[in-house]
file data-v9.txt (compact mmCIF, C-alpha atoms)
# COMPACT_ATOMS: atom_id res chain seq x y z
CA MET A 1 -51.11 146.25 -66.76
CA ILE A 2 -51.98 146.92 -63.11
CA ALA A 3 -55.67 146.34 -62.32
CA ALA A 4 -57.16 147.65 -59.07
CA ILE A 5 -60.33 145.78 -58.06
CA VAL A 6 -62.41 147.72 -55.55
CA GLY A 7 -64.17 145.25 -53.28
CA ALA A 8 -63.68 141.80 -51.79
CA GLY A 9 -67.16 140.34 -52.30
CA PRO A 10 -68.06 137.39 -54.55
CA LEU A 11 -67.88 139.45 -57.76
CA ALA A 12 -64.51 140.97 -56.83
CA THR A 13 -63.14 137.54 -55.95
CA ALA A 14 -64.46 136.02 -59.19
CA LEU A 15 -62.89 138.86 -61.10
CA ALA A 16 -59.49 138.44 -59.43
CA SER A 17 -59.63 134.70 -60.08
CA THR A 18 -60.64 135.22 -63.72
CA LEU A 19 -57.83 137.71 -64.35
CA ALA A 20 -55.36 135.32 -62.75
CA ALA A 21 -56.56 132.42 -64.90
CA ARG A 22 -56.49 134.39 -68.14
CA GLY A 23 -53.01 135.70 -67.36
CA ARG A 24 -53.32 138.88 -69.41
CA VAL A 25 -52.58 141.39 -66.64
CA ARG A 26 -49.37 141.76 -64.67
CA HIS A 27 -50.66 142.76 -61.25
CA VAL A 28 -54.08 142.60 -59.54
CA ARG A 29 -54.86 144.49 -56.33
CA LEU A 30 -57.91 143.82 -54.16
CA ILE A 31 -59.04 146.96 -52.31
CA ASP A 32 -61.60 146.73 -49.50
CA ASP A 33 -62.13 148.27 -46.06
CA ALA A 34 -62.23 144.70 -44.75
CA ALA A 35 -58.47 144.51 -45.17
CA THR A 36 -58.03 141.10 -43.53
CA VAL A 37 -60.70 139.51 -45.70
CA ALA A 38 -59.26 141.09 -48.85
CA ALA A 39 -55.78 139.84 -47.93
CA GLY A 40 -57.09 136.33 -47.34
CA LYS A 41 -58.89 136.20 -50.66
CA ALA A 42 -55.89 137.64 -52.48
CA LEU A 43 -53.73 134.90 -50.91
CA ASP A 44 -56.20 132.22 -51.97
CA VAL A 45 -56.20 133.42 -55.59
CA ARG A 46 -52.41 133.88 -55.57
CA GLN A 47 -51.91 130.29 -54.40
CA SER A 48 -53.90 129.10 -57.41
CA THR A 49 -51.61 130.77 -59.95
CA PRO A 50 -48.88 128.07 -59.96
CA ILE A 51 -51.58 125.49 -60.69
CA LEU A 52 -52.86 127.66 -63.53
CA GLY A 53 -49.37 128.28 -64.84
CA SER A 54 -49.94 132.00 -64.38
CA ASP A 55 -47.46 134.56 -63.08
CA VAL A 56 -50.01 137.28 -62.29
CA GLU A 57 -49.27 139.03 -58.99
CA ILE A 58 -52.26 139.21 -56.60
CA ASP A 59 -52.30 141.20 -53.39
CA ALA A 60 -54.53 143.37 -51.19
CA SER A 61 -54.13 147.02 -50.33
CA ASP A 62 -55.99 150.24 -49.55
CA ILE A 63 -57.49 152.81 -51.89
CA ALA A 64 -54.17 154.61 -52.27
CA ALA A 65 -52.97 151.59 -54.26
CA ALA A 66 -55.28 152.66 -57.09
CA ALA A 67 -53.07 155.70 -57.74
CA ASP A 68 -50.81 154.00 -60.27
CA ALA A 69 -53.34 151.46 -61.59
CA ASP A 70 -53.83 151.23 -65.34
CA ALA A 71 -57.49 150.33 -64.84
CA ILE A 72 -59.89 150.53 -61.89
CA LEU A 73 -62.63 147.90 -61.59
CA ILE A 74 -65.49 148.65 -59.20
CA ALA A 75 -67.06 145.42 -57.94
CA ASP A 76 -68.74 144.59 -54.62
CA ALA A 77 -67.82 145.16 -50.99
CA HIS A 78 -67.34 142.31 -48.54
CA GLY A 79 -70.21 141.91 -46.14
CA ALA A 80 -73.28 139.90 -45.22
CA PRO A 81 -74.67 140.10 -47.76
CA ALA A 82 -72.02 141.43 -50.13
CA VAL A 83 -73.40 144.32 -52.17
CA GLU A 84 -72.28 146.05 -55.33
CA TRP A 85 -71.03 149.60 -54.99
CA GLU A 86 -73.92 151.85 -55.99
CA GLY A 87 -76.03 154.77 -54.73
CA GLU A 88 -74.54 157.48 -52.55
CA PHE A 89 -71.84 155.21 -51.14
CA GLY A 90 -70.84 154.20 -54.64
CA LEU A 91 -70.76 157.80 -55.81
CA ALA A 92 -68.59 158.84 -52.84
CA LEU A 93 -66.22 155.95 -53.59
CA LEU A 94 -66.11 156.94 -57.25
CA GLY A 95 -65.16 160.49 -56.28
CA ARG A 96 -62.33 159.23 -54.10
CA LEU A 97 -61.02 156.98 -56.84
CA ALA A 98 -61.15 159.77 -59.42
CA ALA A 99 -59.19 162.00 -57.06
CA VAL A 100 -56.56 159.32 -56.38
CA ASN A 101 -56.12 158.43 -60.06
CA ALA A 102 -57.04 161.01 -62.70
CA ARG A 103 -56.20 158.97 -65.80
CA ALA A 104 -57.15 155.28 -65.52
CA PRO A 105 -60.38 154.05 -67.09
CA ILE A 106 -63.00 153.10 -64.51
CA VAL A 107 -65.04 149.96 -65.20
CA CYS A 108 -68.22 149.35 -63.23
CA THR A 109 -68.41 145.57 -63.31
CA GLY A 110 -71.72 144.92 -61.52
CA GLY A 111 -75.24 144.50 -62.82
CA ARG A 112 -76.65 147.33 -60.68
CA GLN A 113 -74.16 150.07 -61.49
CA ALA A 114 -75.66 151.83 -64.52
CA SER A 115 -76.68 154.75 -62.33
CA LEU A 116 -73.11 154.96 -61.04
CA VAL A 117 -71.85 155.33 -64.62
CA GLU A 118 -74.46 157.99 -65.26
CA ARG A 119 -73.84 159.96 -62.08
CA GLY A 120 -70.11 159.78 -62.55
CA VAL A 121 -70.59 161.77 -65.75
CA SER A 122 -73.45 164.06 -64.72
CA GLU A 123 -72.42 164.83 -61.11
CA LEU A 124 -68.69 164.18 -60.87
CA ARG A 125 -68.05 165.52 -64.40
CA LEU A 126 -65.94 162.55 -65.41
CA PRO A 127 -65.43 162.26 -69.17
CA TRP A 128 -68.01 159.79 -70.49
CA THR A 129 -65.18 157.96 -72.24
CA ARG A 130 -63.49 157.26 -68.91
CA ILE A 131 -66.25 155.43 -67.01
CA LEU A 132 -68.23 152.52 -68.42
CA GLY A 133 -70.04 149.38 -67.37
CA SER A 134 -69.14 145.87 -68.53
CA ALA A 135 -72.24 143.91 -67.41
CA SER A 136 -73.81 144.56 -70.82
CA ILE A 137 -71.10 142.42 -72.43
CA ALA A 138 -72.27 139.43 -70.40
CA PHE A 139 -75.90 140.28 -71.14
CA ASP A 140 -75.22 140.55 -74.87
CA ALA A 141 -73.71 137.06 -74.83
CA ALA A 142 -76.72 135.64 -72.97
CA ALA A 143 -79.13 137.45 -75.32
CA ARG A 144 -77.36 136.07 -78.38
CA ALA A 145 -77.67 132.57 -76.92
CA VAL A 146 -81.43 133.03 -76.50
CA VAL A 147 -81.87 134.22 -80.10
CA ALA A 148 -79.55 131.50 -81.42
CA GLU A 149 -81.67 128.84 -79.72
CA ALA A 150 -84.78 130.23 -81.39
CA ALA A 151 -83.04 130.24 -84.78
CA GLY A 152 -81.37 126.85 -84.38
CA THR A 153 -77.89 128.27 -84.88
CA ALA A 154 -74.77 129.13 -82.86
CA SER A 155 -74.65 132.22 -80.66
CA ARG A 156 -71.55 133.43 -82.49
CA ALA A 157 -73.70 133.68 -85.64
CA VAL A 158 -76.00 136.23 -83.97
CA ALA A 159 -75.32 139.98 -83.86
CA LEU A 160 -77.75 142.03 -81.80
CA ALA A 161 -78.34 145.78 -81.70
CA LEU A 162 -79.14 146.42 -78.03
CA ALA A 163 -79.98 149.79 -76.53
CA GLY A 164 -81.53 151.19 -73.36
CA LEU A 165 -81.24 149.43 -70.01
CA PRO A 166 -82.28 145.87 -69.17
CA PRO A 167 -84.51 144.49 -68.04
CA ALA A 168 -87.50 146.85 -68.19
CA ARG A 169 -86.03 149.58 -70.43
CA LEU A 170 -84.28 147.36 -72.93
CA VAL A 171 -84.77 148.03 -76.63
CA VAL A 172 -83.77 145.34 -79.13
CA GLY A 173 -83.10 146.85 -82.56
CA TRP A 174 -84.20 143.88 -84.62
CA SER A 175 -83.98 146.02 -87.75
CA ALA A 176 -80.21 146.31 -87.20
CA SER A 177 -79.65 142.75 -85.91
CA SER A 178 -78.57 139.74 -87.93
CA ILE A 179 -78.63 135.94 -87.72
CA ASP A 180 -76.28 133.87 -89.86
CA GLY A 181 -75.46 137.02 -91.81
CA ALA A 182 -79.11 137.67 -92.73
CA PRO A 183 -81.39 140.34 -91.25
CA ALA A 184 -82.98 139.00 -88.05
CA GLU A 185 -86.43 140.09 -89.22
CA ALA A 186 -86.01 137.99 -92.37
CA ARG A 187 -84.64 135.00 -90.50
CA LEU A 188 -87.33 134.72 -87.80
CA ALA A 189 -91.04 135.48 -87.73
CA PRO A 190 -92.21 138.55 -85.75
CA GLY A 191 -93.85 136.37 -83.11
CA VAL A 192 -90.64 134.42 -82.55
CA LEU A 193 -88.66 137.66 -82.21
CA ALA A 194 -91.18 139.00 -79.73
CA THR A 195 -90.96 135.82 -77.66
CA ALA A 196 -87.16 135.99 -77.71
CA ALA A 197 -87.28 139.64 -76.58
CA ARG A 198 -89.47 138.69 -73.60
CA ARG A 199 -87.07 135.90 -72.67
CA LEU A 200 -84.17 138.33 -72.54
CA THR A 201 -85.44 139.81 -69.27
CA ALA A 202 -84.61 136.51 -67.58
CA ALA A 203 -80.96 136.94 -68.61
CA TRP A 204 -80.60 140.00 -66.35
CA PRO A 205 -78.69 140.35 -64.14
CA PRO A 206 -75.81 138.06 -65.13
CA GLY A 207 -74.14 136.06 -62.36
CA PRO A 208 -70.76 136.83 -60.78
CA PHE A 209 -68.73 134.57 -63.06
CA ALA A 210 -70.30 135.93 -66.26
CA LEU A 211 -69.80 139.47 -64.97
CA ALA A 212 -66.18 138.71 -64.14
CA VAL A 213 -65.42 137.29 -67.58
CA ALA A 214 -67.13 140.25 -69.27
CA ALA A 215 -65.05 142.73 -67.26
CA ALA A 216 -61.88 140.77 -68.00
CA VAL A 217 -62.58 140.83 -71.74
CA LEU A 218 -63.13 144.59 -71.65
CA LEU A 219 -59.97 145.09 -69.61
CA GLU A 220 -57.92 143.06 -72.07
CA HIS A 221 -59.18 145.09 -75.02
CA LEU A 222 -58.18 148.27 -73.20
CA ASP A 223 -54.67 146.84 -73.08
CA GLU A 224 -54.42 145.66 -76.70
CA ALA A 225 -52.97 147.54 -79.66
CA SER A 226 -55.96 146.75 -81.86
CA VAL A 227 -59.39 148.36 -81.57
CA ALA A 228 -62.48 146.30 -80.68
CA SER A 229 -66.21 147.03 -80.72
CA LEU A 230 -68.08 146.02 -77.55
CA PRO A 231 -71.60 146.58 -76.14
CA ALA A 232 -70.76 148.65 -73.06
CA LEU A 233 -72.86 150.65 -70.62
CA VAL A 234 -71.94 154.29 -71.18
CA ALA A 235 -73.46 157.72 -70.64
CA ALA A 236 -72.66 159.03 -74.11
CA PRO A 237 -73.62 162.49 -75.43
CA GLY A 238 -75.83 160.94 -78.10
CA GLN A 239 -78.16 159.60 -75.42
CA GLY A 240 -78.20 162.75 -73.32
CA HIS A 241 -75.56 161.35 -70.96
CA ARG A 242 -78.09 158.78 -69.77
CA ALA A 243 -76.50 155.39 -69.20
CA GLY A 244 -77.48 152.71 -71.65
CA ILE A 245 -76.08 149.90 -73.78
CA THR A 246 -74.13 151.29 -76.71
CA ARG A 247 -71.49 149.75 -78.92
CA VAL A 248 -68.20 151.49 -78.25
CA ARG A 249 -64.80 151.17 -79.85
CA VAL A 250 -62.10 150.56 -77.27
CA GLY A 251 -58.34 150.32 -77.55
CA PRO A 252 -55.17 151.12 -75.65
CA SER A 253 -56.16 154.78 -75.34
CA GLY A 254 -59.53 153.86 -73.82
CA VAL A 255 -62.96 154.46 -75.29
CA LEU A 256 -62.66 156.07 -78.71
CA ASP A 257 -66.27 156.65 -79.66
CA ALA A 258 -69.80 155.27 -79.43
CA ALA A 259 -72.16 154.29 -82.22
CA GLU A 260 -75.88 153.89 -81.64
CA PRO A 261 -77.56 151.22 -83.78
CA ALA A 262 -79.52 152.26 -86.85
CA LEU A 263 -82.94 151.78 -85.24
CA SER A 264 -86.24 151.79 -87.09
CA PRO A 265 -88.58 154.72 -86.35
CA TYR A 266 -90.62 152.52 -84.00
CA GLU A 267 -87.50 151.33 -82.17
CA ARG A 268 -86.19 154.89 -81.93
CA ILE A 269 -89.46 156.00 -80.30
CA ALA A 270 -89.21 153.08 -77.85
CA LEU A 271 -85.66 154.11 -76.94
CA ASP A 272 -86.62 157.78 -76.54
CA ASN A 273 -89.48 156.75 -74.27
CA ALA A 274 -87.14 154.55 -72.22
CA ILE A 275 -84.75 157.46 -71.76
CA ALA A 276 -87.57 159.90 -70.97
CA PHE A 277 -89.00 157.50 -68.37
CA ARG A 278 -85.78 157.80 -66.36
CA ARG A 279 -85.60 161.60 -66.32

call {"tool": "encode", "arguments": {"input": "data-v9.txt", "output": "C-alpha cells"}}
result
Amino acid sequence: MIAAIVGAGPLATALASTLAARGRVRHVRLIDDAATVAAGKALDVRQSTPILGSDVEIDASDIAAAADADAILIADAHGAPAVEWEGEFGLALLGRLAAVNARAPIVCTGGRQASLVERGVSELRLPWTRILGSASIAFDAAARAVVAEAAGTASRAVALALAGLPPARLVVGWSASSIDGAPAEARLAPGVLATAARRLTAAWPPGPFALAVAAAVLLEHLDEASVASLPALVAAPGQGHRAGITRVRVGPSGVLDAAEPALSPYERIALDNAIAFRR
C-alpha cells in the first residue's frame, strides 16, 4: 500500500513515524508546500526504520505524488504554529486531491476536520464512503477507558455506542452500550453514567500520537481482506450527510456501510437536536 500524508506538521510526522513502526504499508509519502521541511522529516523517519526492523519506504514529494496513492491521509501543515487542514484552505486542498486521485479513500486524521468530511460530501460531491475521519477511533478508545475506570474493569470489556460530534454535540447511547457483556445501564447507576459522560468531554481532542495510531489502524483495515467495524467520522445519508461518529464496516474495497446505534427515544431526540443545532 502507498500512503500519501498531506502535511509535515506534528500530526503528519507522528503518523509517518507510526506507519513506519507498524510496518504494514509499503511506501509513505509526506506532501507539504514546505518541501525542505517535509524532506528533512521524511529522512529522519526513514533513518529510524533500520532500528525498528522496518522496510517501509519514506520520502517527501508534491501533491502530484498522491495520484497513485492507495490512501490519502490529510493531517496538518508545517508552520508556526502547525495547523490542521480545515476551513476554506482545507476544502480547496481536498478538491485538488480529489482531482489528482479519483479512487483512493481520503482519511481526515485531525481532531478539527469533521466539517471537512461534511463539506467534501455536500460541496465537492465526494461519495460519503470515500471520505471519513479517524479521530473518533482515538476518542472511542479514550471514552472506553473512562467508563472502564468507573466500572472497575478493562477498557477492552467496554463497548460504547457513540453518535454526534464531541465534545459539545456528543450523544452516548447508553441503551446500546455494554460493560463486561452486560448492558451499561444495568452495570452502572445512572448518576455514574452521567458523570462518565461529562468526563468524556475532557478526552477531546486526542493528541497527535493517539490520532496517528487511530489513523494507522483505519488504514490497515482498509488494506486487509477481512471486514472490521470501526467508529469513524462520516457524513452518511442516515444522518442527513452531517458528519458524526458512526460505526462503519471497512475492508479492502473501502467503506461498505454505516450502522447507527439503536438509540432510546430520548437519545434519538438528543441526536436529532445535535444535528439540527448545526444546520

call {"tool": "atom_distance", "arguments": {"input": "data-v9.txt", "atom1": "atom CA of Gly95 of chain A", "atom2": "atom CA of Ala67 of chain A"}}
result
13.1 Å

call {"tool": "closest_residue", "arguments": {"input": "data-v9.txt", "among": "A:Leu97, A:Ala276, A:Ala163, A:Ala215", "to": "Leu11 of chain A", "atoms": "all atoms listed in the file"}}
result
A:Ala215

call {"tool": "closest_atom_pairs", "arguments": {"input": "data-v9.txt", "of": "segment 78-136 of chain A", "to": "segment 254-273 of chain A", "cutoff": "12 Å", "atoms": "only C-alpha atoms", "output": "CSV"}}
result
residue,atom,partner,partner_atom,distance
A:Arg103,CA,A:Gly254,CA,10.1
A:Ala104,CA,A:Gly254,CA,8.8
A:Pro105,CA,A:Gly254,CA,6.8
A:Ile106,CA,A:Gly254,CA,10.0
A:Val107,CA,A:Gly254,CA,10.9
A:Pro127,CA,A:Val255,CA,10.2
A:Trp128,CA,A:Val255,CA,8.8
A:Thr129,CA,A:Val255,CA,5.1
A:Arg130,CA,A:Val255,CA,7.0
A:Ile131,CA,A:Val255,CA,9.0
A:Leu132,CA,A:Val255,CA,8.9
A:Gly133,CA,A:Val255,CA,11.8

call {"tool": "write_last_selection", "arguments": {"input": "data-v9.txt", "atoms": "C-alpha atoms", "output": "PDB file, in the coordinates of the input"}}
result
ATOM      1  CA  ARG A 103     -56.200 158.970 -65.800  1.00  0.00           C
ATOM      2  CA  ALA A 104     -57.150 155.280 -65.520  1.00  0.00           C
ATOM      3  CA  PRO A 105     -60.380 154.050 -67.090  1.00  0.00           C
ATOM      4  CA  ILE A 106     -63.000 153.100 -64.510  1.00  0.00           C
ATOM      5  CA  VAL A 107     -65.040 149.960 -65.200  1.00  0.00           C
ATOM      6  CA  PRO A 127     -65.430 162.260 -69.170  1.00  0.00           C
ATOM      7  CA  TRP A 128     -68.010 159.790 -70.490  1.00  0.00           C
ATOM      8  CA  THR A 129     -65.180 157.960 -72.240  1.00  0.00           C
ATOM      9  CA  ARG A 130     -63.490 157.260 -68.910  1.00  0.00           C
ATOM     10  CA  ILE A 131     -66.250 155.430 -67.010  1.00  0.00           C
ATOM     11  CA  LEU A 132     -68.230 152.520 -68.420  1.00  0.00           C
ATOM     12  CA  GLY A 133     -70.040 149.380 -67.370  1.00  0.00           C
TER      13      GLY A 133
END

call {"tool": "residues_around", "arguments": {"input": "data-v9.txt", "residues": "Ala225 of chain A", "least_positions_apart": "6", "cutoff": "12 Å", "atoms": "only C-alpha atoms", "output": "list in words"}}
result
Val250, Gly251, Pro252, Ser253 and Gly254 of chain A

call {"tool": "write_last_selection", "arguments": {"input": "data-v9.txt", "atoms": "C-alpha atoms", "output": "mmCIF file, in the frame of the given file"}}
result
data_model
loop_
_atom_site.group_PDB
_atom_site.id
_atom_site.type_symbol
_atom_site.label_atom_id
_atom_site.label_comp_id
_atom_site.auth_asym_id
_atom_site.auth_seq_id
_atom_site.Cartn_x
_atom_site.Cartn_y
_atom_site.Cartn_z
ATOM 1 C CA VAL A 250 -62.100 150.560 -77.270
ATOM 2 C CA GLY A 251 -58.340 150.320 -77.550
ATOM 3 C CA PRO A 252 -55.170 151.120 -75.650
ATOM 4 C CA SER A 253 -56.160 154.780 -75.340
ATOM 5 C CA GLY A 254 -59.530 153.860 -73.820
#

call {"tool": "closest_atom_pairs", "arguments": {"input": "data-v9.txt", "of": "segment 40-155 of chain A", "to": "segment 16-33 of chain A", "cutoff": "12 Å", "atoms": "all atoms listed in the file", "output": "Markdown table"}}
result
| residue | atom | partner | partner_atom | distance |
| --- | --- | --- | --- | --- |
| A:Gly40 | CA | A:Leu30 | CA | 10.2 |
| A:Lys41 | CA | A:Leu30 | CA | 8.4 |
| A:Ala42 | CA | A:Leu30 | CA | 6.7 |
| A:Leu43 | CA | A:Leu30 | CA | 10.4 |
| A:Asp44 | CA | A:Ser17 | CA | 9.1 |
| A:Val45 | CA | A:Ser17 | CA | 5.8 |
| A:Arg46 | CA | A:Ala20 | CA | 7.9 |
| A:Gln47 | CA | A:Ala20 | CA | 10.3 |
| A:Ser48 | CA | A:Ala20 | CA | 8.3 |
| A:Thr49 | CA | A:Ala20 | CA | 6.5 |
| A:Pro50 | CA | A:Ala21 | CA | 10.1 |
| A:Ile51 | CA | A:Ala21 | CA | 9.5 |
| A:Leu52 | CA | A:Ala21 | CA | 6.2 |
| A:Gly53 | CA | A:Ala21 | CA | 8.3 |
| A:Ser54 | CA | A:Gly23 | CA | 5.7 |
| A:Asp55 | CA | A:Gly23 | CA | 7.1 |
| A:Val56 | CA | A:Arg26 | CA | 5.1 |
| A:Glu57 | CA | A:His27 | CA | 4.6 |
| A:Ile58 | CA | A:Val28 | CA | 4.8 |
| A:Asp59 | CA | A:Arg29 | CA | 5.1 |
| A:Ala60 | CA | A:Leu30 | CA | 4.5 |
| A:Ser61 | CA | A:Ile31 | CA | 5.3 |
| A:Asp62 | CA | A:Ile31 | CA | 5.3 |
| A:Ile63 | CA | A:Ile31 | CA | 6.1 |
| A:Ala64 | CA | A:Ile31 | CA | 9.1 |
| A:Ala65 | CA | A:Arg29 | CA | 7.6 |
| A:Ala66 | CA | A:Arg29 | CA | 8.2 |
| A:Ala67 | CA | A:Arg29 | CA | 11.4 |
| A:Asp68 | CA | A:Arg29 | CA | 11.1 |
| A:Ala69 | CA | A:Arg29 | CA | 8.9 |
| A:Asp70 | CA | A:His27 | CA | 9.9 |
| A:Ala71 | CA | A:Val28 | CA | 10.0 |
| A:Ile72 | CA | A:Arg29 | CA | 9.6 |
| A:Leu73 | CA | A:Leu30 | CA | 9.7 |
| A:Ile74 | CA | A:Ile31 | CA | 9.6 |
| A:Ala75 | CA | A:Ile31 | CA | 9.9 |
| A:Asp76 | CA | A:Asp32 | CA | 9.0 |
| A:Ala77 | CA | A:Asp32 | CA | 6.6 |
| A:His78 | CA | A:Asp32 | CA | 7.3 |
| A:Gly79 | CA | A:Asp33 | CA | 10.3 |
| A:Ala82 | CA | A:Asp32 | CA | 11.7 |
| A:Trp85 | CA | A:Asp32 | CA | 11.3 |
| A:Leu93 | CA | A:Asp32 | CA | 11.1 |
| A:Leu97 | CA | A:Ile31 | CA | 11.2 |
